[in-house]
Structures are given as C-alpha cells and as structure tokens.
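Next comes protein.txt, a file with compact mmCIF, C-alpha atoms and all ligand atoms.
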```
# COMPACT_ATOMS: atom_id res chain seq x y z
CA LEU K 1130 13.15 -7.13 20.39
CA GLY K 1131 10.60 -9.91 20.14
CA ARG K 1132 7.79 -9.98 17.66
CA GLU K 1133 5.27 -8.71 20.20
CA ASP K 1134 7.43 -5.75 21.21
CA ILE K 1135 7.94 -4.76 17.62
CA LEU K 1136 4.23 -4.80 16.91
CA LYS K 1137 3.47 -2.85 20.05
CA THR K 1138 5.83 -0.07 19.22
CA MET K 1139 4.57 0.07 15.68
CA ALA K 1140 0.81 0.21 16.25
CA HIS K 1141 0.62 3.40 18.22
CA ALA K 1142 -2.25 3.82 20.61
CA TYR K 1143 -3.24 7.25 19.41
CA ALA K 1144 -3.83 8.85 22.76
CA TYR K 1145 -3.70 12.44 21.56
CA ASP K 1146 -6.41 12.01 19.02
CA GLU K 1147 -9.71 11.17 20.65
CA GLU K 1148 -11.34 10.33 17.39
CA CYS K 1149 -9.49 7.05 16.92
CA ASP K 1150 -8.04 4.10 18.81
CA TYR K 1151 -5.00 3.26 16.71
CA LEU K 1152 -2.81 4.83 14.09
CA PHE K 1153 -1.28 2.54 11.49
CA LYS K 1154 1.29 3.57 8.95
CA ALA K 1155 1.34 1.82 5.59
CA VAL K 1156 3.29 2.57 2.42
CA LEU K 1157 2.72 2.45 -1.31
CA ILE K 1158 5.59 1.11 -3.38
CA GLY K 1159 6.16 0.07 -6.97
CA ASP K 1160 7.54 1.54 -10.17
CA SER K 1161 6.77 5.01 -11.40
CA ALA K 1162 3.39 5.61 -13.11
CA VAL K 1163 1.77 2.33 -12.06
CA GLY K 1164 -1.02 4.32 -10.40
CA LYS K 1165 0.04 4.58 -6.75
CA SER K 1166 -1.07 8.15 -6.18
CA ASN K 1167 -4.37 7.61 -7.98
CA LEU K 1168 -5.07 4.53 -5.87
CA LEU K 1169 -4.38 6.63 -2.79
CA SER K 1170 -6.56 9.55 -3.83
CA ARG K 1171 -9.32 7.09 -4.74
CA PHE K 1172 -9.10 5.51 -1.30
CA SER K 1173 -8.71 8.69 0.73
CA LYS K 1174 -10.85 11.16 -1.25
CA ASN K 1175 -12.61 9.08 -3.89
CA GLU K 1176 -10.96 11.07 -6.66
CA PHE K 1177 -9.21 10.11 -9.86
CA ARG K 1178 -6.76 12.46 -11.55
CA LEU K 1179 -6.55 12.37 -15.31
CA ASP K 1180 -3.54 14.61 -15.58
CA SER K 1181 -0.18 13.30 -14.53
CA LYS K 1182 1.34 14.23 -11.23
CA PRO K 1183 1.57 18.03 -10.97
CA THR K 1184 4.30 18.29 -8.37
CA ILE K 1185 6.37 16.14 -6.15
CA GLY K 1186 4.69 16.90 -2.89
CA VAL K 1187 1.94 14.95 -1.22
CA GLU K 1188 3.59 12.51 1.09
CA PHE K 1189 0.70 10.85 2.85
CA ALA K 1190 -3.04 10.78 3.31
CA TYR K 1191 -5.28 9.64 6.13
CA ARG K 1192 -8.52 7.79 6.30
CA ASN K 1193 -10.41 6.61 9.35
CA VAL K 1194 -11.67 3.06 9.15
CA ARG K 1195 -13.89 1.22 11.60
CA VAL K 1196 -12.85 -2.36 12.35
CA GLY K 1197 -15.12 -4.04 14.87
CA ASP K 1198 -15.47 -1.62 17.75
CA LYS K 1199 -12.18 0.18 17.02
CA LEU K 1200 -11.62 3.25 14.94
CA ILE K 1201 -8.34 3.04 13.07
CA LYS K 1202 -6.60 5.95 11.46
CA ALA K 1203 -4.75 4.64 8.43
CA GLN K 1204 -1.84 6.84 7.47
CA ILE K 1205 -0.80 5.87 3.95
CA TRP K 1206 2.47 7.16 2.53
CA ASP K 1207 3.02 7.78 -1.14
CA THR K 1208 6.47 7.85 -2.71
CA ALA K 1209 5.59 11.23 -4.28
CA GLY K 1210 7.82 10.56 -7.29
CA GLN K 1211 10.96 9.61 -5.38
CA GLU K 1212 10.95 6.07 -6.77
CA ARG K 1213 11.97 7.55 -10.13
CA PHE K 1214 15.36 8.29 -8.65
CA ARG K 1215 15.51 5.11 -6.56
CA ALA K 1216 15.78 7.50 -3.65
CA ILE K 1217 13.40 5.83 -1.25
CA THR K 1218 15.16 5.67 2.05
CA SER K 1219 14.75 3.61 5.16
CA SER K 1220 12.74 6.40 6.81
CA TYR K 1221 9.98 5.83 4.28
CA TYR K 1222 9.55 2.28 5.58
CA ARG K 1223 10.15 3.04 9.25
CA GLY K 1224 7.20 2.07 11.40
CA ALA K 1225 5.13 0.83 8.47
CA LEU K 1226 2.99 -2.20 9.23
CA GLY K 1227 1.64 -2.62 5.73
CA ALA K 1228 2.54 -2.11 2.10
CA LEU K 1229 0.67 -2.06 -1.17
CA LEU K 1230 3.17 -3.19 -3.82
CA VAL K 1231 1.73 -1.98 -7.10
CA TYR K 1232 2.52 -2.93 -10.70
CA ASP K 1233 0.77 -2.03 -13.96
CA ILE K 1234 -0.84 -5.01 -15.74
CA THR K 1235 -0.13 -3.31 -19.09
CA ARG K 1236 3.63 -2.97 -18.52
CA ARG K 1237 5.49 -6.22 -17.87
CA ALA K 1238 8.63 -4.41 -16.72
CA THR K 1239 6.73 -3.10 -13.69
CA PHE K 1240 5.76 -6.68 -12.83
CA ASP K 1241 9.31 -7.96 -13.31
CA ASN K 1242 10.44 -5.31 -10.83
CA VAL K 1243 8.14 -6.67 -8.12
CA LYS K 1244 11.04 -8.91 -7.10
CA LYS K 1245 13.25 -5.86 -6.55
CA TRP K 1246 10.61 -4.16 -4.44
CA LEU K 1247 10.19 -7.29 -2.34
CA GLN K 1248 13.92 -7.35 -1.81
CA GLU K 1249 13.84 -3.75 -0.65
CA LEU K 1250 10.96 -4.53 1.72
CA LYS K 1251 13.02 -7.34 3.20
CA GLU K 1252 15.92 -5.00 3.70
CA PHE K 1253 14.13 -1.97 5.15
CA GLY K 1254 10.68 -3.10 6.24
CA CYS K 1255 9.43 -4.66 9.44
CA SER K 1256 9.54 -8.45 9.24
CA GLU K 1257 5.84 -8.75 10.10
CA MET K 1258 4.64 -6.35 7.43
CA VAL K 1259 1.34 -7.12 5.71
CA VAL K 1260 1.97 -6.90 1.96
CA VAL K 1261 -0.71 -6.76 -0.71
CA LEU K 1262 0.43 -7.23 -4.31
CA VAL K 1263 -1.72 -5.05 -6.55
CA GLY K 1264 -2.01 -5.35 -10.34
CA ASN K 1265 -3.47 -1.96 -11.28
CA LYS K 1266 -5.18 -0.70 -14.48
CA SER K 1267 -7.43 -3.74 -14.86
CA ASP K 1268 -9.69 -1.52 -16.98
CA LEU K 1269 -7.06 -1.72 -19.76
CA GLY K 1270 -7.63 -5.43 -20.46
CA HIS K 1271 -6.99 -4.98 -24.20
CA SER K 1272 -3.36 -3.97 -23.55
CA ARG K 1273 -2.71 -6.46 -20.79
CA GLU K 1274 0.86 -7.82 -20.62
CA VAL K 1275 0.61 -9.68 -17.31
CA ASP K 1276 -2.01 -12.39 -16.72
CA GLU K 1277 -3.91 -12.38 -13.48
CA GLU K 1278 -2.61 -15.92 -12.79
CA GLU K 1279 0.99 -14.68 -12.89
CA GLY K 1280 0.27 -12.10 -10.22
CA LYS K 1281 -1.49 -14.71 -8.11
CA ASN K 1282 1.41 -17.12 -8.41
CA VAL K 1283 3.97 -14.59 -7.21
CA ALA K 1284 1.68 -13.68 -4.32
CA VAL K 1285 1.20 -17.31 -3.30
CA SER K 1286 4.90 -18.11 -3.44
CA ASP K 1287 5.81 -15.04 -1.37
CA GLY K 1288 2.88 -15.27 1.07
CA LEU K 1289 1.26 -12.00 -0.02
CA CYS K 1290 -2.36 -11.04 -0.59
CA PHE K 1291 -3.21 -10.29 -4.20
CA MET K 1292 -5.72 -8.19 -6.07
CA GLU K 1293 -6.19 -6.60 -9.46
CA THR K 1294 -7.55 -3.06 -9.26
CA SER K 1295 -8.61 -0.14 -11.37
CA ALA K 1296 -8.10 3.25 -9.80
CA LEU K 1297 -9.84 4.70 -12.87
CA ASP K 1298 -13.04 2.66 -12.56
CA ASN K 1299 -12.78 2.32 -8.80
CA VAL K 1300 -12.65 -1.47 -8.86
CA ASN K 1301 -11.22 -3.33 -5.84
CA VAL K 1302 -9.52 -0.21 -4.48
CA GLU K 1303 -11.45 -0.31 -1.20
CA GLU K 1304 -10.90 -4.06 -1.00
CA ALA K 1305 -7.13 -3.75 -1.40
CA PHE K 1306 -6.67 -1.07 1.26
CA LEU K 1307 -9.28 -2.41 3.67
CA GLY K 1308 -7.93 -5.94 3.31
CA MET K 1309 -4.53 -4.70 4.34
CA ILE K 1310 -5.88 -2.62 7.24
CA ASN K 1311 -8.00 -5.50 8.55
CA LYS K 1312 -5.02 -7.83 8.47
CA ILE K 1313 -2.82 -5.35 10.31
CA HIS K 1314 -5.53 -4.96 12.91
CA GLN K 1315 -5.84 -8.72 13.41
CA MET K 1316 -2.09 -9.06 13.67
CA THR K 1317 -1.66 -6.32 16.26
CA THR K 1318 -4.68 -7.18 18.39
CA ARG K 1319 -3.56 -10.80 18.58
CA THR K 1320 -0.71 -9.49 20.69
CA SER K 1321 -3.23 -7.97 23.14
CA LEU K 1322 -2.30 -4.34 22.78
P1 LIG Y 1 2.33 6.73 -9.69
O1 LIG Y 1 3.52 7.37 -10.33
O2 LIG Y 1 2.56 5.27 -9.44
O3 LIG Y 1 1.83 7.45 -8.47
O4 LIG Y 1 1.14 6.76 -10.80
P2 LIG Y 1 -0.06 7.82 -11.00
O5 LIG Y 1 -1.12 7.61 -9.98
O6 LIG Y 1 0.51 9.19 -11.10
O7 LIG Y 1 -0.63 7.33 -12.40
C1 LIG Y 1 0.19 7.27 -13.56
C2 LIG Y 1 -0.68 7.34 -14.80
O8 LIG Y 1 -1.51 6.20 -14.90
C3 LIG Y 1 -1.61 8.56 -14.82
O9 LIG Y 1 -1.69 9.04 -16.15
C4 LIG Y 1 -2.95 7.99 -14.39
O10 LIG Y 1 -4.02 8.73 -14.92
C5 LIG Y 1 -2.89 6.58 -14.95
N1 LIG Y 1 -3.65 5.59 -14.14
C6 LIG Y 1 -3.54 5.38 -12.81
N2 LIG Y 1 -4.37 4.39 -12.42
C7 LIG Y 1 -5.03 3.96 -13.53
C8 LIG Y 1 -6.02 2.96 -13.77
O11 LIG Y 1 -6.50 2.23 -12.89
N3 LIG Y 1 -6.44 2.81 -15.07
C9 LIG Y 1 -5.95 3.59 -16.09
N4 LIG Y 1 -6.44 3.36 -17.31
N5 LIG Y 1 -5.02 4.54 -15.89
C10 LIG Y 1 -4.56 4.73 -14.63
```
Would it be possible to restate this file's structure as structure tokens?
Ligand code: GDP
Amino acid sequence: LGREDILKTMAHAYAYDEECDYLFKAVLIGDSAVGKSNLLSRFSKNEFRLDSKPTIGVEFAYRNVRVGDKLIKAQIWDTAGQERFRAITSSYYRGALGALLVYDITRRATFDNVKKWLQELKEFGCSEMVVVLVGNKSDLGHSREVDEEEGKNVAVSDGLCFMETSALDNVNVEEAFLGMINKIHQMTTRTSL
C-alpha cells in the first residue's frame, strides 16, 4: 500500500454518525503513572482525579473538535494500566494516526524510557503517525529531574512535536491534543480524502 492508501483507510469518513465528518484514532503511551489518564480526562471531560486509578477499565474517550469547516471525532485510547505489564499489543496501535508519548518531568526513568516507546511505535504504529512528546507534571517544578531543553532535543532529533503540560493545573493540555489533531487533519486532507 502507498502512503495515500494507508492514510485513506485510517481516517475513516464517519458516514454512520451524522454529527461528524471524520473519526481519528489516537493513542496515549508512556510509562505507568506519568499522568496519561488524567491528561485524557482533562481533555475529554475537563476533570482531574486526585486518587489513583480505581480500576483497569476505561479504554478510550471521545471528543468532537472543529477544524476549519470539518467536525472531527477524536477517539483517544488509554492504556488503562496495561503498560505496567508491558502487555500493549499491536491491536492497541492499529489504525492510530496519532500518539501522545508522555513522560513525567519529575522521574528521569520515564524520560529514559521514551526511546523504548519510540521503538515500539516504529514496530507497531503506522509510519505516518503524528507523535507529540509530552513532559507532564510541569506544576512540580521543584522536583524536576528532566529539563525542558532535554525534552525539546529528543523531539527535534526524532521529528516529534513537544510540549510540557500539567494535567493538574490544566496547562497546555488542550494545546497538546489539539496540536496533534490539527496535524492529523492536515496530513489526511492533503491526500484529498
Ligand atoms: P497513568 O498511569 O499514566 O494513566 O497516570 P495517572 O493519570 O493515573 O496519574 C498518576 C498519578 O500522577 C496520579 O496520582 C495523578 O494524580 C498524578 N498526576 C497526573 N498528572 C499530574 C500533573 O500534571 N501534576 C501532578 N502534580 N500530578 C499529576
């Protein structure tokens, strides 16, 4: 399959749902407890959970986003705890056009593992995937272990977008998700879907 065919099959025209023009799937990846599910609940429901994850359960959330004259339904998948067991399978990545790769700026090990996640994306993800590297918990500046510059440098060398966020204070969460969605939209509409 050529690049155009891949993109066409992946950005579904959402004919059965009159409320939107396209459905995009995107995934959240990164180590356990970096804040993935709180970023997602912030983006989809504007909520922050102070307690830790109650159950392994929620697998994805939707939000409708207007881009130009199109209404896009973003379907964002959360690992729902599976990353703890390194049990994320190829079906998690299947059909995904975007990924938010999240680390915790207060835990260097989660940043060191970014390389492993990128490797996994290469193995299982679509080659055209839009990836945003996200350094979360920017509100905890006093316990920072990873400088913003380090995140930027990895992003530049791997051709990713980059942003530091705080799911707690709701800083840059919209920007991270909407940036990804806008880029996916540009990429797929360039192929005249
Ligand atoms: P996940 O395992 O990657 O989905 O991480 P969670 O969303 O469950 O968050 C793990 C822990 O980090 C929880 O105790 C959250 O309350 C906390 N957390 C998540 N995002 C932030 C943030 O932006 N700032 C702070 N200070 N804590 C956060």
> Mind listing the residues within 7 Å of ligand LIG 1 (chain Y), only C-alpha atoms and all ligand atoms counted, as number ranges by chain?
Replying inline: K: 1159-1168, 1178-1182, 1209-1210, 1265-1269, 1294-1298
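With only C-alpha atoms as the atoms that count, the residue of K:Glu1212, K:Val1194, K:Ile1234, K:His1271 with the shortest distance to Phe1153 of chain K is K:Val1194.
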>> What does the structure give for the distance between atom CA of Lys1281 of chain K and atom CA of Leu1262 of chain K, in Å to one decimal?
In response: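 These atoms are spaced 8.6 Å apart.
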> K:Leu1157, K:Ile1201, K:Ile1310, K:Val1260: which is nearest Ala1284 of chain K, counting all atoms listed in the file?
Replying inline: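 Among the listed residues, K:Val1260 lies closest to Ala1284 of chain K.
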What's the 7 Å shell around Ala1225 of chain K, counting all atoms listed in the file, without same-chain residues fewer than 4 positions away, as a compact mmCIF listing (two decimals) with C-alpha atoms, in the coordinates of the input?
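Listing of result18.txt after writing:
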```
# COMPACT_ATOMS: atom_id res chain seq x y z
CA LYS K 1154 1.29 3.57 8.95
CA ALA K 1155 1.34 1.82 5.59
CA VAL K 1156 3.29 2.57 2.42
```
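Among the candidates K:Glu1277, K:Glu1249, K:Glu1188, K:Glu1148, the one nearest to Phe1291 of chain K when counting only C-alpha atoms is K:Glu1277.
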